[in-house]
file entry.json (JSON, C-alpha atoms)
[["chain", "number", "residue", "atom", "x", "y", "z"],
["A", 668, "MET", "CA", 120.89, 92.43, 106.53],
["A", 669, "ASP", "CA", 117.09, 92.03, 106.24],
["A", 670, "ALA", "CA", 116.85, 90.31, 109.59],
["A", 671, "LEU", "CA", 115.72, 90.59, 113.18],
["A", 672, "VAL", "CA", 118.17, 89.57, 115.89],
["A", 673, "VAL", "CA", 116.79, 88.20, 119.16],
["A", 674, "VAL", "CA", 119.23, 88.98, 121.98],
["A", 675, "TYR", "CA", 119.21, 87.79, 125.58],
["A", 676, "PRO", "CA", 120.61, 90.85, 127.42],
["A", 677, "TYR", "CA", 121.60, 89.22, 130.71],
["A", 678, "PRO", "CA", 123.89, 86.45, 129.48],
["A", 679, "SER", "CA", 124.82, 88.78, 126.56],
["A", 680, "GLU", "CA", 124.15, 86.30, 123.79],
["A", 681, "ILE", "CA", 122.34, 86.21, 120.48],
["A", 682, "HIS", "CA", 119.47, 83.74, 120.67],
["A", 683, "GLU", "CA", 118.53, 83.69, 116.98],
["A", 684, "THR", "CA", 118.54, 85.67, 113.76],
["A", 685, "LEU", "CA", 115.34, 85.70, 111.69],
["A", 686, "LEU", "CA", 114.68, 87.00, 108.18],
["A", 687, "MET", "CA", 112.09, 89.74, 108.53],
["A", 688, "GLY", "CA", 111.27, 91.34, 105.16],
["A", 689, "ARG", "CA", 113.05, 94.10, 103.23],
["A", 690, "SER", "CA", 114.82, 96.77, 105.24],
["A", 691, "PRO", "CA", 113.11, 96.15, 108.62],
["A", 692, "GLY", "CA", 112.75, 99.17, 110.87],
["A", 693, "ALA", "CA", 110.09, 100.25, 113.35],
["A", 694, "MET", "CA", 108.57, 97.55, 115.56],
["A", 695, "ALA", "CA", 105.68, 97.11, 117.97],
["A", 696, "VAL", "CA", 104.36, 94.20, 120.02],
["A", 697, "SER", "CA", 100.78, 93.32, 120.86],
["A", 698, "GLY", "CA", 100.06, 91.89, 124.31],
["A", 699, "SER", "CA", 97.51, 89.18, 123.74],
["A", 700, "PRO", "CA", 97.88, 87.52, 121.31],
["A", 701, "GLU", "CA", 101.58, 88.31, 121.32],
["A", 702, "TYR", "CA", 102.70, 89.35, 117.84],
["A", 703, "LEU", "CA", 105.69, 91.36, 116.73],
["A", 704, "PHE", "CA", 104.93, 93.84, 113.92],
["A", 705, "VAL", "CA", 107.95, 94.91, 111.85],
["A", 706, "ALA", "CA", 107.74, 97.74, 109.30],
["A", 707, "ASN", "CA", 109.61, 97.09, 106.05],
["A", 708, "THR", "CA", 110.31, 100.53, 104.62],
["A", 709, "GLU", "CA", 111.58, 99.45, 101.19],
["A", 710, "SER", "CA", 108.77, 97.02, 100.38],
["A", 711, "GLY", "CA", 105.88, 98.95, 101.97],
["A", 712, "ASN", "CA", 104.62, 96.14, 104.14],
["A", 713, "VAL", "CA", 104.52, 94.93, 107.73],
["A", 714, "THR", "CA", 105.79, 91.48, 108.65],
["A", 715, "VAL", "CA", 103.87, 89.86, 111.52],
["A", 716, "MET", "CA", 105.66, 87.30, 113.68],
["A", 717, "ASP", "CA", 104.18, 85.06, 116.38],
["A", 718, "VAL", "CA", 106.42, 85.82, 119.39],
["A", 719, "GLU", "CA", 105.88, 82.44, 121.06],
["A", 720, "THR", "CA", 106.91, 80.35, 118.03],
["A", 721, "SER", "CA", 109.21, 82.88, 116.26],
["A", 722, "LYS", "CA", 107.34, 82.06, 113.04],
["A", 723, "VAL", "CA", 106.31, 84.69, 110.52],
["A", 724, "ARG", "CA", 102.50, 84.60, 110.27],
["A", 725, "LEU", "CA", 101.99, 86.92, 107.33],
["A", 726, "SER", "CA", 103.01, 90.06, 105.52],
["A", 727, "VAL", "CA", 100.54, 92.93, 105.08],
["A", 728, "ALA", "CA", 100.91, 95.62, 102.38],
["A", 729, "VAL", "CA", 100.36, 98.94, 104.14],
["A", 730, "GLY", "CA", 101.60, 101.80, 101.96],
["A", 731, "ALA", "CA", 104.81, 103.48, 100.88],
["A", 732, "GLU", "CA", 107.58, 103.66, 103.46],
["A", 733, "PRO", "CA", 106.02, 102.61, 106.80],
["A", 734, "ARG", "CA", 108.00, 104.37, 109.54],
["A", 735, "GLN", "CA", 106.07, 103.83, 112.78],
["A", 736, "ILE", "CA", 103.77, 101.16, 114.21],
["A", 737, "VAL", "CA", 101.52, 101.47, 117.27],
["A", 738, "VAL", "CA", 99.21, 98.86, 118.74],
["A", 739, "THR", "CA", 95.91, 99.92, 120.31],
["A", 740, "PRO", "CA", 95.63, 99.36, 124.09],
["A", 741, "ASP", "CA", 92.99, 96.65, 123.56],
["A", 742, "ASP", "CA", 95.34, 94.72, 121.18],
["A", 743, "ARG", "CA", 92.72, 94.78, 118.40],
["A", 744, "PHE", "CA", 94.55, 96.90, 115.84],
["A", 745, "ALA", "CA", 98.06, 97.75, 114.68],
["A", 746, "ILE", "CA", 98.41, 101.16, 113.03],
["A", 747, "THR", "CA", 101.26, 102.13, 110.71],
["A", 748, "LEU", "CA", 102.28, 105.61, 109.62],
["A", 749, "ASN", "CA", 103.49, 105.61, 106.03],
["A", 750, "SER", "CA", 105.90, 108.45, 105.30],
["A", 751, "ARG", "CA", 106.04, 108.53, 101.51],
["A", 752, "SER", "CA", 102.36, 107.83, 100.85],
["A", 753, "GLY", "CA", 101.19, 110.20, 103.64],
["A", 754, "ASP", "CA", 98.64, 107.85, 105.16],
["A", 755, "LEU", "CA", 98.04, 105.46, 107.98],
["A", 756, "ALA", "CA", 97.01, 101.85, 107.65],
["A", 757, "VAL", "CA", 94.88, 100.01, 110.20],
["A", 758, "ILE", "CA", 95.60, 96.29, 110.53],
["A", 759, "ASP", "CA", 92.89, 94.17, 112.14],
["A", 760, "ILE", "CA", 94.76, 91.74, 114.41],
["A", 761, "ALA", "CA", 91.62, 89.64, 114.95],
["A", 762, "ALA", "CA", 91.36, 89.03, 111.17],
["A", 763, "PHE", "CA", 94.53, 87.00, 110.96],
["A", 764, "GLU", "CA", 94.08, 85.52, 114.43],
["A", 765, "SER", "CA", 90.78, 84.02, 113.23],
["A", 766, "SER", "CA", 92.51, 82.73, 110.07],
["A", 767, "ARG", "CA", 94.23, 80.11, 112.22],
["A", 768, "ARG", "CA", 90.85, 78.44, 112.57],
["A", 769, "ALA", "CA", 89.35, 79.18, 109.15],
["A", 770, "ARG", "CA", 90.21, 77.93, 105.66],
["A", 771, "THR", "CA", 89.97, 81.36, 104.08],
["A", 772, "ALA", "CA", 91.91, 84.18, 105.66],
["A", 773, "PRO", "CA", 90.07, 87.49, 105.97],
["A", 774, "THR", "CA", 91.95, 90.55, 104.76],
["A", 775, "PRO", "CA", 93.85, 92.00, 107.72],
["A", 776, "LEU", "CA", 94.12, 95.51, 106.24],
["A", 777, "LEU", "CA", 91.02, 97.19, 107.60],
["A", 778, "THR", "CA", 91.39, 100.69, 106.13],
["A", 779, "MET", "CA", 93.77, 103.40, 104.91],
["A", 780, "ILE", "CA", 93.38, 107.02, 106.04],
["A", 781, "ARG", "CA", 95.09, 109.98, 104.37],
["A", 782, "VAL", "CA", 96.84, 112.08, 107.04],
["A", 783, "GLY", "CA", 99.07, 114.45, 105.05],
["A", 784, "ALA", "CA", 102.63, 114.66, 103.84],
["A", 785, "LYS", "CA", 105.30, 112.68, 105.68],
["A", 786, "PRO", "CA", 103.63, 111.82, 109.02],
["A", 787, "VAL", "CA", 106.21, 111.37, 111.76],
["A", 788, "SER", "CA", 104.66, 110.06, 114.94],
["A", 789, "ALA", "CA", 101.46, 108.65, 116.41],
["A", 790, "THR", "CA", 100.06, 107.56, 119.71],
["A", 791, "VAL", "CA", 96.88, 105.74, 120.69],
["A", 792, "ARG", "CA", 94.95, 106.48, 123.82],
["A", 793, "ARG", "CA", 92.34, 104.42, 125.63],
["A", 794, "ILE", "CA", 88.93, 106.12, 125.70]]
call {"tool": "encode", "arguments": {"input": "entry.json", "output": "structure tokens"}}
result
Amino acid sequence: MDALVVVYPYPSEIHETLLMGRSPGAMAVSGSPEYLFVANTESGNVTVMDVETSKVRLSVAVGAEPRQIVVTPDDRFAITLNSRSGDLAVIDIAAFESSRRARTAPTPLLTMIRVGAKPVSATVRRI
């Protein structure tokens, strides 16, 4: 199923099931604003959901087979590692946050960086 299931662990119940792209996998959450980033390995994009409203905000094309997502400590960027295309994509969270107030949405994909064949893992550190 191409869905995300929200579960309440203490009463052991499923709260809701949400469609979340093609073949959802790796996930990450930003702190403020609170967004859930879901990598869709088959379609090569990241679905971005507003955690408070459970509404999908947008889908960002990031490269072939995104396998990991990390959010920077300052909640400004989400970074995906794309296994098949051997690159990382930097998503500017502020770009789509500002699109709530503007008529034209800026492009949230900030840049792509080649990192080599089949990257596996990443971490981001505060400097």
call {"tool": "residues_around", "arguments": {"input": "entry.json", "residues": "Arg793 in chain A", "least_positions_apart": "4", "cutoff": "9 Å", "atoms": "only C-alpha atoms", "output": "ChimeraX atom specification"}}
result
/A:739-741
call {"tool": "closest_residue", "arguments": {"input": "entry.json", "among": "A:Gly688, A:Asp742, A:Val791, A:Pro700", "to": "Val727 in chain A", "atoms": "only C-alpha atoms"}}
result
A:Gly688
call {"tool": "residues_around", "arguments": {"input": "entry.json", "residues": "Leu671 in chain A", "least_positions_apart": "4", "cutoff": "6 Å", "atoms": "only C-alpha atoms", "output": "short mmCIF file (atom, residue, chain, number, x, y, z; two decimals) with C-alpha atoms, keeping the file's coordinate frame"}}
result
data_model
loop_
_atom_site.label_atom_id
_atom_site.label_comp_id
_atom_site.auth_asym_id
_atom_site.auth_seq_id
_atom_site.Cartn_x
_atom_site.Cartn_y
_atom_site.Cartn_z
CA THR A 684 118.54 85.67 113.76
CA LEU A 685 115.34 85.70 111.69
CA MET A 687 112.09 89.74 108.53
#
call {"tool": "closest_residue", "arguments": {"input": "entry.json", "among": "A:Val723, A:Ala695, A:Val715, A:Ala728", "to": "Thr790 in chain A", "atoms": "only C-alpha atoms"}}
result
A:Ala695
call {"tool": "atom_distance", "arguments": {"input": "entry.json", "atom1": "CA of Glu680 in chain A", "atom2": "CA of Glu701 in chain A"}}
result
22.8 Å
call {"tool": "residues_near_point", "arguments": {"input": "entry.json", "point": "(96.4, 101.2, 104.9)", "cutoff": "10 Å", "atoms": "only C-alpha atoms", "output": "short mmCIF file (atom, residue, chain, number, x, y, z; two decimals) with C-alpha atoms, keeping the file's coordinate frame"}}
result
data_model
loop_
_atom_site.label_atom_id
_atom_site.label_comp_id
_atom_site.auth_asym_id
_atom_site.auth_seq_id
_atom_site.Cartn_x
_atom_site.Cartn_y
_atom_site.Cartn_z
CA ASN A 712 104.62 96.14 104.14
CA VAL A 727 100.54 92.93 105.08
CA ALA A 728 100.91 95.62 102.38
CA VAL A 729 100.36 98.94 104.14
CA GLY A 730 101.60 101.80 101.96
CA ALA A 731 104.81 103.48 100.88
CA PRO A 733 106.02 102.61 106.80
CA ILE A 746 98.41 101.16 113.03
CA THR A 747 101.26 102.13 110.71
CA LEU A 748 102.28 105.61 109.62
CA ASN A 749 103.49 105.61 106.03
CA SER A 752 102.36 107.83 100.85
CA ASP A 754 98.64 107.85 105.16
CA LEU A 755 98.04 105.46 107.98
CA ALA A 756 97.01 101.85 107.65
CA VAL A 757 94.88 100.01 110.20
CA ILE A 758 95.60 96.29 110.53
CA PRO A 775 93.85 92.00 107.72
CA LEU A 776 94.12 95.51 106.24
CA LEU A 777 91.02 97.19 107.60
CA THR A 778 91.39 100.69 106.13
CA MET A 779 93.77 103.40 104.91
CA ILE A 780 93.38 107.02 106.04
CA ARG A 781 95.09 109.98 104.37
#
call {"tool": "atom_distance", "arguments": {"input": "entry.json", "atom1": "CA of Gly711 in chain A", "atom2": "CA of Tyr675 in chain A"}}
result
29.3 Å
